[in-house]
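Student: File follows, my_file_19.cif with mmCIF, C-alpha atoms and all ligand atoms:
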data_final
loop_
_atom_site.label_atom_id
_atom_site.label_comp_id
_atom_site.auth_asym_id
_atom_site.auth_seq_id
_atom_site.Cartn_x
_atom_site.Cartn_y
_atom_site.Cartn_z
CA MET A 1 -54.85 -24.95 -112.93
CA ARG A 2 -55.57 -28.66 -112.81
CA ILE A 3 -58.10 -30.57 -114.87
CA ASP A 4 -58.46 -34.19 -113.84
CA GLY A 5 -55.03 -34.17 -112.26
CA ARG A 6 -53.19 -32.50 -115.18
CA HIS A 7 -51.90 -28.94 -115.03
CA TYR A 8 -53.12 -26.70 -117.84
CA ARG A 9 -52.64 -23.18 -118.99
CA THR A 10 -55.17 -21.78 -121.46
CA ILE A 11 -52.53 -21.25 -124.17
CA TRP A 12 -49.11 -22.78 -124.84
CA PRO A 13 -46.73 -23.31 -127.77
CA SER A 14 -46.61 -26.79 -129.29
CA GLU A 15 -43.47 -28.87 -128.79
CA ASP A 16 -42.00 -28.02 -132.19
CA GLY A 17 -42.62 -24.33 -131.48
CA ARG A 18 -44.40 -23.77 -134.82
CA THR A 19 -48.02 -23.84 -133.69
CA VAL A 20 -49.95 -22.80 -130.60
CA GLU A 21 -52.45 -24.82 -128.55
CA VAL A 22 -55.48 -23.33 -126.81
CA ILE A 23 -58.36 -24.72 -124.78
CA ASP A 24 -61.54 -24.53 -126.87
CA GLN A 25 -63.88 -22.50 -124.66
CA THR A 26 -66.81 -22.78 -127.07
CA LYS A 27 -67.19 -26.45 -126.09
CA LEU A 28 -67.24 -25.98 -122.32
CA PRO A 29 -68.73 -27.01 -119.95
CA HIS A 30 -69.88 -30.17 -121.72
CA ASP A 31 -66.69 -31.07 -123.60
CA PHE A 32 -63.05 -30.32 -122.84
CA GLY A 33 -60.77 -30.09 -125.85
CA THR A 34 -57.96 -28.10 -127.38
CA VAL A 35 -57.50 -26.42 -130.75
CA THR A 36 -54.26 -25.89 -132.68
CA LEU A 37 -53.59 -22.42 -134.08
CA ARG A 38 -51.43 -22.94 -137.18
CA GLY A 39 -51.26 -19.42 -138.52
CA LEU A 40 -52.67 -15.91 -138.51
CA ASP A 41 -56.11 -16.92 -139.81
CA ASP A 42 -56.55 -19.41 -136.96
CA ALA A 43 -55.53 -16.84 -134.35
CA VAL A 44 -57.91 -14.20 -135.73
CA ALA A 45 -60.77 -16.71 -135.83
CA ALA A 46 -60.04 -17.98 -132.30
CA ILE A 47 -60.30 -14.47 -130.89
CA ARG A 48 -63.28 -13.40 -133.01
CA ASP A 49 -65.30 -16.58 -132.43
CA MET A 50 -64.40 -16.70 -128.73
CA VAL A 51 -62.57 -20.03 -128.78
CA VAL A 52 -60.38 -17.93 -126.49
CA ARG A 53 -61.85 -15.02 -124.58
CA GLY A 54 -61.26 -12.89 -121.50
CA ALA A 55 -59.12 -9.77 -121.78
CA PRO A 56 -55.70 -11.13 -120.68
CA LEU A 57 -56.04 -14.28 -122.79
CA ILE A 58 -57.13 -12.25 -125.82
CA GLY A 59 -53.91 -10.21 -125.37
CA ALA A 60 -51.75 -13.34 -125.13
CA THR A 61 -53.43 -14.89 -128.19
CA GLY A 62 -52.91 -11.68 -130.15
CA ALA A 63 -49.21 -11.81 -129.30
CA TYR A 64 -48.91 -15.43 -130.44
CA GLY A 65 -51.00 -14.61 -133.52
CA LEU A 66 -48.46 -12.00 -134.57
CA ALA A 67 -45.64 -14.51 -133.98
CA LEU A 68 -47.42 -17.08 -136.17
CA ALA A 69 -47.86 -14.45 -138.89
CA LEU A 70 -44.17 -13.50 -138.75
CA ALA A 71 -43.16 -17.16 -139.02
CA ASP A 72 -45.07 -17.19 -142.28
CA ASP A 73 -43.89 -13.83 -143.60
CA PRO A 74 -41.47 -11.66 -141.61
CA ARG A 75 -41.62 -8.58 -143.87
CA ASP A 76 -42.80 -5.19 -142.55
CA ALA A 77 -45.92 -5.12 -144.73
CA ALA A 78 -47.01 -8.56 -143.53
CA LEU A 79 -46.41 -7.53 -139.91
CA GLU A 80 -48.60 -4.46 -140.30
CA ALA A 81 -51.36 -6.38 -142.11
CA ALA A 82 -51.38 -9.09 -139.43
CA HIS A 83 -51.40 -6.48 -136.67
CA ALA A 84 -54.43 -4.80 -138.24
CA ARG A 85 -56.38 -8.05 -138.64
CA LEU A 86 -55.71 -9.19 -135.08
CA PHE A 87 -56.48 -5.74 -133.67
CA GLU A 88 -59.89 -5.76 -135.36
CA ALA A 89 -60.84 -9.24 -134.12
CA ARG A 90 -62.43 -7.86 -130.92
CA PRO A 91 -62.64 -4.17 -130.05
CA THR A 92 -63.18 -3.75 -126.30
CA ALA A 93 -60.38 -5.54 -124.40
CA VAL A 94 -57.40 -3.19 -124.51
CA ASN A 95 -55.09 -6.10 -123.67
CA LEU A 96 -55.27 -7.07 -127.35
CA ARG A 97 -53.71 -3.77 -128.41
CA TRP A 98 -51.19 -4.08 -125.59
CA GLY A 99 -50.13 -7.63 -126.56
CA LEU A 100 -49.75 -6.66 -130.21
CA GLU A 101 -47.70 -3.58 -129.35
CA GLU A 102 -45.42 -5.60 -127.08
CA VAL A 103 -44.59 -8.00 -129.92
CA ARG A 104 -44.22 -5.21 -132.47
CA ARG A 105 -41.74 -3.51 -130.12
CA ALA A 106 -39.85 -6.79 -129.55
CA VAL A 107 -39.20 -7.29 -133.27
CA ALA A 108 -38.62 -3.65 -134.20
CA GLY A 109 -35.27 -3.19 -135.92
CA LEU A 110 -34.48 -6.93 -136.09
CA PRO A 111 -33.42 -8.60 -139.33
CA GLU A 112 -36.34 -10.45 -140.92
CA ALA A 113 -34.76 -13.85 -140.21
CA GLU A 114 -34.85 -13.21 -136.45
CA ARG A 115 -38.31 -11.74 -136.10
CA ALA A 116 -40.45 -14.83 -135.63
CA THR A 117 -38.17 -16.23 -132.92
CA ALA A 118 -38.18 -12.92 -131.07
CA ALA A 119 -41.96 -12.68 -131.39
CA PHE A 120 -42.55 -16.19 -130.04
CA ARG A 121 -40.18 -15.40 -127.17
CA ARG A 122 -42.05 -12.21 -126.26
CA ALA A 123 -45.42 -13.98 -126.51
CA ALA A 124 -44.18 -16.67 -124.11
CA GLU A 125 -42.92 -13.98 -121.71
CA ILE A 126 -46.30 -12.25 -121.84
CA CYS A 127 -47.91 -15.52 -120.79
CA ASP A 128 -45.45 -16.06 -117.93
CA GLU A 129 -45.91 -12.46 -116.79
CA ASP A 130 -49.69 -12.85 -116.85
CA VAL A 131 -49.46 -15.87 -114.56
CA GLU A 132 -47.34 -13.93 -112.05
CA ILE A 133 -49.59 -10.85 -112.27
CA CYS A 134 -52.69 -12.95 -111.60
CA ARG A 135 -50.97 -14.71 -108.71
CA ALA A 136 -50.22 -11.31 -107.16
CA ILE A 137 -53.81 -10.14 -107.74
CA GLY A 138 -54.90 -13.30 -105.95
CA ARG A 139 -52.72 -12.54 -102.94
CA HIS A 140 -53.95 -8.95 -102.64
CA GLY A 141 -57.59 -9.87 -103.21
CA MET A 142 -57.43 -12.67 -100.67
CA GLU A 143 -56.74 -10.07 -97.96
CA LEU A 144 -60.11 -8.47 -98.72
CA ILE A 145 -61.84 -11.83 -98.41
CA ALA A 146 -60.04 -12.51 -95.12
CA GLU A 147 -61.23 -9.11 -93.83
CA ALA A 148 -64.82 -9.91 -94.86
CA HIS A 149 -64.50 -13.24 -93.06
CA ALA A 150 -63.34 -11.45 -89.91
CA ARG A 151 -66.22 -8.93 -90.20
CA ALA A 152 -68.64 -11.86 -90.33
CA GLY A 153 -67.16 -13.13 -87.06
CA ARG A 154 -65.56 -16.09 -88.87
CA SER A 155 -68.89 -17.81 -88.30
CA ARG A 156 -69.91 -18.59 -91.88
CA PRO A 157 -68.58 -18.66 -95.46
CA VAL A 158 -67.88 -15.35 -97.19
CA ASN A 159 -70.47 -14.86 -99.94
CA ILE A 160 -68.91 -13.38 -103.08
CA LEU A 161 -70.83 -12.46 -106.21
CA THR A 162 -69.06 -12.52 -109.57
CA HIS A 163 -70.14 -11.81 -113.13
CA CYS A 164 -69.05 -13.39 -116.41
CA ASN A 165 -65.83 -15.42 -116.27
CA ALA A 166 -62.75 -13.72 -114.90
CA GLY A 167 -61.18 -16.99 -113.83
CA TRP A 168 -58.18 -18.88 -115.15
CA LEU A 169 -59.94 -19.51 -118.46
CA ALA A 170 -59.98 -15.75 -119.08
CA THR A 171 -56.26 -15.41 -118.42
CA VAL A 172 -53.25 -17.69 -118.90
CA ASP A 173 -53.68 -19.15 -115.40
CA TRP A 174 -55.26 -18.26 -112.03
CA GLY A 175 -57.66 -15.58 -113.31
CA THR A 176 -58.25 -12.08 -112.03
CA ALA A 177 -61.53 -11.95 -110.05
CA LEU A 178 -61.36 -15.66 -109.23
CA ALA A 179 -57.67 -15.74 -108.19
CA PRO A 180 -58.43 -14.28 -104.72
CA ILE A 181 -61.25 -16.80 -104.36
CA TYR A 182 -59.00 -19.76 -105.24
CA MET A 183 -56.34 -18.53 -102.83
CA ALA A 184 -58.84 -17.97 -100.02
CA HIS A 185 -60.26 -21.44 -100.61
CA GLU A 186 -56.78 -22.97 -100.53
CA ALA A 187 -55.94 -21.02 -97.37
CA GLY A 188 -58.95 -22.52 -95.62
CA ILE A 189 -61.13 -19.40 -95.60
CA PRO A 190 -64.64 -20.68 -96.31
CA VAL A 191 -66.09 -19.04 -99.41
CA HIS A 192 -69.29 -19.40 -101.38
CA VAL A 193 -69.60 -17.83 -104.84
CA TRP A 194 -72.80 -16.52 -106.41
CA VAL A 195 -72.18 -17.05 -110.13
CA ASP A 196 -74.18 -14.76 -112.46
CA GLU A 197 -75.14 -16.89 -115.47
CA THR A 198 -74.17 -13.95 -117.76
CA ARG A 199 -76.49 -14.04 -120.72
CA PRO A 200 -76.31 -14.12 -123.64
CA ARG A 201 -73.21 -16.36 -123.87
CA ASN A 202 -73.47 -17.68 -120.33
CA GLN A 203 -69.79 -17.39 -119.44
CA GLY A 204 -70.79 -17.57 -115.76
CA ALA A 205 -73.00 -20.65 -116.04
CA SER A 206 -70.72 -22.53 -118.40
CA LEU A 207 -67.16 -21.38 -117.61
CA THR A 208 -67.02 -19.95 -114.08
CA ALA A 209 -69.19 -22.76 -112.70
CA TRP A 210 -67.05 -25.33 -114.54
CA GLU A 211 -63.84 -23.87 -113.08
CA LEU A 212 -65.20 -23.68 -109.54
CA ASN A 213 -66.57 -27.21 -109.81
CA HIS A 214 -63.17 -28.55 -110.82
CA HIS A 215 -61.53 -26.85 -107.87
CA GLY A 216 -64.17 -27.79 -105.32
CA VAL A 217 -65.15 -24.21 -104.52
CA PRO A 218 -68.74 -24.00 -103.21
CA HIS A 219 -70.88 -21.96 -105.58
CA THR A 220 -74.41 -21.40 -106.84
CA VAL A 221 -75.33 -20.33 -110.37
CA ILE A 222 -78.01 -17.64 -110.42
CA PRO A 223 -79.95 -15.93 -113.21
CA ASP A 224 -78.53 -12.50 -113.97
CA ASN A 225 -81.35 -10.62 -112.27
CA VAL A 226 -81.01 -12.22 -108.81
CA GLY A 227 -78.00 -10.32 -107.42
CA GLY A 228 -79.93 -7.22 -106.31
CA HIS A 229 -82.38 -9.33 -104.32
CA LEU A 230 -79.54 -11.22 -102.62
CA MET A 231 -77.82 -7.97 -101.69
CA GLN A 232 -81.02 -6.54 -100.18
CA HIS A 233 -81.16 -9.58 -97.91
CA GLY A 234 -77.55 -9.49 -96.71
CA MET A 235 -76.59 -12.55 -98.73
CA VAL A 236 -73.60 -10.98 -100.53
CA ASP A 237 -70.52 -9.86 -98.56
CA LEU A 238 -68.65 -8.50 -101.55
CA CYS A 239 -68.64 -8.49 -105.33
CA ILE A 240 -65.48 -9.14 -107.35
CA VAL A 241 -65.52 -8.84 -111.14
CA GLY A 242 -62.94 -8.50 -113.90
CA THR A 243 -62.57 -5.84 -116.57
CA ASP A 244 -61.71 -5.55 -120.25
CA ARG A 245 -60.59 -1.94 -120.12
CA THR A 246 -60.20 0.44 -117.22
CA THR A 247 -59.63 4.13 -117.85
CA ALA A 248 -56.86 6.15 -116.20
CA THR A 249 -59.63 7.61 -114.01
CA GLY A 250 -60.90 4.21 -112.81
CA ASP A 251 -64.02 3.75 -114.97
CA VAL A 252 -64.42 0.03 -115.56
CA CYS A 253 -65.67 -1.65 -118.72
CA ASN A 254 -66.72 -5.26 -118.24
CA LYS A 255 -69.23 -7.82 -119.48
CA ILE A 256 -72.71 -6.45 -120.04
CA GLY A 257 -74.68 -6.39 -116.79
CA THR A 258 -71.74 -5.49 -114.55
CA TYR A 259 -73.03 -1.91 -114.20
CA LEU A 260 -76.38 -3.09 -112.84
CA LYS A 261 -74.59 -5.18 -110.20
CA ALA A 262 -72.49 -2.19 -109.21
CA LEU A 263 -75.63 -0.06 -108.83
CA ALA A 264 -77.27 -2.69 -106.64
CA ALA A 265 -74.08 -3.06 -104.58
CA HIS A 266 -73.88 0.72 -104.09
CA ASP A 267 -77.52 0.92 -103.01
CA ASN A 268 -77.01 -1.85 -100.47
CA GLY A 269 -73.59 -0.90 -99.11
CA VAL A 270 -71.95 -4.05 -100.54
CA PRO A 271 -68.25 -3.55 -101.46
CA PHE A 272 -67.75 -3.78 -105.22
CA TYR A 273 -64.18 -4.67 -106.27
CA VAL A 274 -62.69 -4.97 -109.74
CA ALA A 275 -59.61 -7.16 -110.28
CA LEU A 276 -57.28 -6.23 -113.13
CA PRO A 277 -53.78 -6.71 -114.47
CA SER A 278 -52.07 -3.44 -115.41
CA PRO A 279 -52.19 -4.17 -119.19
CA THR A 280 -55.97 -3.67 -118.85
CA ILE A 281 -55.50 0.00 -117.96
CA ASP A 282 -55.99 2.36 -120.88
CA TRP A 283 -53.93 5.34 -119.76
CA GLY A 284 -55.11 7.32 -122.78
CA MET A 285 -58.78 7.33 -121.77
CA SER A 286 -60.44 9.26 -118.98
CA ASN A 287 -64.17 8.88 -119.66
CA GLY A 288 -65.19 5.26 -120.03
CA ILE A 289 -68.79 5.86 -121.06
CA ARG A 290 -67.86 8.23 -123.86
CA GLU A 291 -64.59 6.71 -125.03
CA ILE A 292 -64.49 2.91 -124.66
CA PRO A 293 -65.57 1.05 -127.82
CA ILE A 294 -68.38 -1.36 -126.91
CA GLU A 295 -68.49 -4.53 -128.97
CA GLN A 296 -71.84 -5.47 -130.50
CA ARG A 297 -72.01 -9.14 -131.39
CA GLY A 298 -74.34 -11.15 -133.60
CA GLY A 299 -78.02 -11.42 -132.67
CA HIS A 300 -77.86 -15.22 -132.80
CA GLU A 301 -76.23 -15.19 -129.34
CA VAL A 302 -79.39 -13.56 -127.95
CA SER A 303 -82.06 -15.35 -129.96
CA HIS A 304 -80.58 -18.83 -129.49
CA ILE A 305 -79.22 -20.87 -126.63
CA THR A 306 -77.06 -24.00 -126.66
CA GLY A 307 -76.97 -26.78 -124.09
CA ARG A 308 -76.93 -30.46 -123.38
CA THR A 309 -80.07 -32.48 -124.06
CA ALA A 310 -81.42 -35.35 -121.97
CA ASP A 311 -79.88 -37.91 -124.35
CA GLY A 312 -76.42 -36.36 -123.94
CA GLY A 313 -76.31 -34.52 -127.27
CA ILE A 314 -75.63 -30.81 -127.71
CA ALA A 315 -78.47 -28.76 -129.20
CA THR A 316 -79.08 -25.14 -130.06
CA VAL A 317 -82.63 -23.84 -129.77
CA MET A 318 -84.30 -20.52 -130.51
CA VAL A 319 -85.77 -18.66 -127.53
CA THR A 320 -87.24 -15.59 -129.27
CA PRO A 321 -90.18 -15.48 -131.66
CA GLU A 322 -89.32 -15.64 -135.34
CA GLY A 323 -88.95 -12.07 -136.58
CA SER A 324 -88.31 -10.25 -133.26
CA PRO A 325 -85.28 -7.97 -133.57
CA VAL A 326 -82.55 -8.47 -130.94
CA ALA A 327 -79.62 -6.37 -129.72
CA ASN A 328 -76.36 -7.73 -128.36
CA TYR A 329 -74.24 -5.14 -126.55
CA ALA A 330 -71.41 -7.20 -125.11
CA PHE A 331 -69.99 -4.80 -122.48
CA ASP A 332 -70.99 -1.87 -120.30
CA VAL A 333 -69.13 0.73 -118.29
CA THR A 334 -69.31 1.09 -114.51
CA PRO A 335 -68.32 4.61 -113.45
CA ALA A 336 -65.45 4.82 -110.96
CA ARG A 337 -67.74 6.28 -108.27
CA LEU A 338 -69.48 2.88 -107.98
CA VAL A 339 -66.24 0.91 -107.55
CA THR A 340 -64.96 0.33 -104.00
CA GLY A 341 -61.45 -0.56 -105.12
CA LEU A 342 -59.26 -1.89 -107.92
CA ILE A 343 -57.30 -5.04 -107.09
CA THR A 344 -54.08 -5.00 -109.13
CA GLU A 345 -50.80 -6.89 -109.05
CA ARG A 346 -49.33 -4.03 -107.02
CA GLY A 347 -52.10 -3.90 -104.44
CA THR A 348 -55.61 -2.50 -104.06
CA CYS A 349 -56.27 1.18 -104.78
CA PRO A 350 -59.18 3.59 -105.09
CA ALA A 351 -60.78 3.68 -108.55
CA SER A 352 -59.37 7.08 -109.41
CA ARG A 353 -56.54 8.71 -111.36
CA GLU A 354 -54.71 9.32 -108.07
CA GLY A 355 -55.16 5.72 -106.92
CA LEU A 356 -53.95 4.20 -110.17
CA SER A 357 -51.05 6.58 -110.70
CA ARG A 358 -49.83 6.01 -107.15
CA LEU A 359 -49.52 2.27 -107.89
CA PHE A 360 -48.39 2.70 -111.50
CA PRO A 361 -46.44 5.97 -111.76
CA ASP A 362 -44.59 4.41 -114.72
CA GLY A 363 -47.78 3.81 -116.72
CA ALA A 364 -49.28 7.19 -115.92
CA ALA A 365 -46.03 8.98 -116.75
CA ALA A 366 -45.52 7.08 -120.02
CA ARG A 367 -48.92 8.29 -121.16
CA ALA A 368 -48.29 11.87 -120.16
CA ILE A 369 -45.29 12.12 -122.52
O1 LIG A 401 -66.73 -11.54 -123.91
P1 LIG A 401 -65.72 -12.14 -122.97
O2 LIG A 401 -66.09 -13.48 -122.47
O3 LIG A 401 -64.32 -12.09 -123.56
O4 LIG A 401 -65.73 -11.15 -121.73
C1 LIG A 401 -64.87 -11.39 -120.66
C2 LIG A 401 -65.11 -10.51 -119.52
O5 LIG A 401 -65.95 -9.63 -119.56
C3 LIG A 401 -64.22 -10.67 -118.32
O6 LIG A 401 -64.89 -10.31 -117.17
C4 LIG A 401 -63.00 -9.77 -118.51
O7 LIG A 401 -62.35 -10.05 -119.71
C5 LIG A 401 -62.05 -9.90 -117.41
S1 LIG A 401 -61.11 -11.38 -117.63
C6 LIG A 401 -59.97 -11.62 -116.50
#
Rewrite the coordinates I just gave you, this time as structure tokens.
Tutor:
Amino acid sequence: MRIDGRHYRTIWPSEDGRTVEVIDQTKLPHDFGTVTLRGLDDAVAAIRDMVVRGAPLIGATGAYGLALALADDPRDAALEAAHARLFEARPTAVNLRWGLEEVRRAVAGLPEAERATAAFRRAAEICDEDVEICRAIGRHGMELIAEAHARAGRSRPVNILTHCNAGWLATVDWGTALAPIYMAHEAGIPVHVWVDETRPRNQGASLTAWELNHHGVPHTVIPDNVGGHLMQHGMVDLCIVGTDRTTATGDVCNKIGTYLKALAAHDNGVPFYVALPSPTIDWGMSNGIREIPIEQRGGHEVSHITGRTADGGIATVMVTPEGSPVANYAFDVTPARLVTGLITERGTCPASREGLSRLFPDGAAARAI
């Protein structure tokens, strides 16, 4: 995607091929900058501290992290230690496990001297594949927006509600939930996006709004609790969100608060779609609520908030009373029965084992072995 006329991905290898550059998402929306990952420690910290975030980008960073580790030490023991550290950096997005396994498979059986090169190559392929997957998700999702536009008599913009950031910042490029919106916008279908602010880290207010602003897509940032009211008043045509892990049965784990939006959508007959690349499917899980590990992050993200002050500085202030305990569950699970459809790179399907295995017989079969 373009920032001030220059095309960016969220992650790319440096020119000498020894380090990796990423956009620093902790500084957005007020500052745009990049960070260099020079080794395993930097990659682990970038994932853990959410310099990079979003399931597909976490997977790509994990892959590059393993490549950086192998460049430093290509022995089996070092590979396994690096794999373990990266795997533990964030627990919910299954793309991290997927990216690490892809690189481990790519270097398996190779002489030590060839491992780093093979790992960097596979990491770069993962990034290229992610771009193509998200482009395909965009094409399939755009059809749903075009249908909603036709249902509305083509008389007004299609109102789409989204939660968190599942845009190009969360992937390598394009995004998942936002890719259909960008494509609809580019195709001349009028869209307007309701952007949930997404407390506590405000990925909606700071990242999704920033992306949409840069691409000229009409949008409005709303506090997290507004969506239900808008749906009751016919002001949302459809919801599209992303996911960090989707079970083989179509249960969807996404940023905390997604479940409440799905409940409100169900109660008001608003279609609720989830956009996902196939590496986000966990074919080994069938009950999202019981099985998906839910990350709990530090309380500081709840008790404090960061923003720009009137004099242009950046400040962090406390919003809770001193001494009040806080809880920070980062994700929740939306049961498949509340999901209208899953938008994947191979098309849109029902959120069910049948729906997913019809589109991905290879994935379902691999798991059954
Ligand atoms: O905690 P984050 O910001 O990594 O959470 C991201 C999300 O919940 C996204 O919606 C999800 O990863 C889908 S990204 C295409």
Student: Find the residue from A:His140, A:Arg90, A:Arg2, A:Arg38 that sits nearest to Thr19 (chain A); use all atoms listed in the file when measuring.
Tutor: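 Closest candidate: A:Arg38.
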Student: Report, as AutoDock Vina command-line options, the axis-aligned box around all atoms of region 285-288 of chain A present in the file, extended by 3 Å on each side; give centre and edge lengths in Å to one decimal place.
Tutor:
--center_x -62.0 --center_y 7.3 --center_z -120.4 --size_x 12.4 --size_y 10.0 --size_z 8.8
Student: Using only C-alpha atoms and all ligand atoms, which protein or nucleic acid residues are at most 9 Å from ligand LIG 401 (chain A), as a PyMOL selection string?
Tutor: chain A and resi 47+50+52-58+90+92-93+134+162-171+175-178+201-203+241-245+253-256+258+275-277+280+295+330-331
Student: Using Å and a single decimal, report how far CA of Ala366 (chain A) sits from CA of Ala67 (chain A).
Tutor: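 It comes out at 25.7 Å.
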Student: Go through A:Val191, A:Leu207, A:Leu161, A:Val172 one by one, measure the shortest atom-to-atom distance of each to Gln25 (chain A) using all atoms listed in the file, and give the residue with the smallest value.
Tutor: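 Once distances to Gln25 (chain A) are computed over all atoms listed in the file, the minimum belongs to A:Leu207.
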Student: Taking all atoms listed in the file into account, name the residue in A:Thr306, A:Asn287, A:Ser14, A:Ser324 that is nearest to Val252 (chain A).
Tutor: A:Asn287
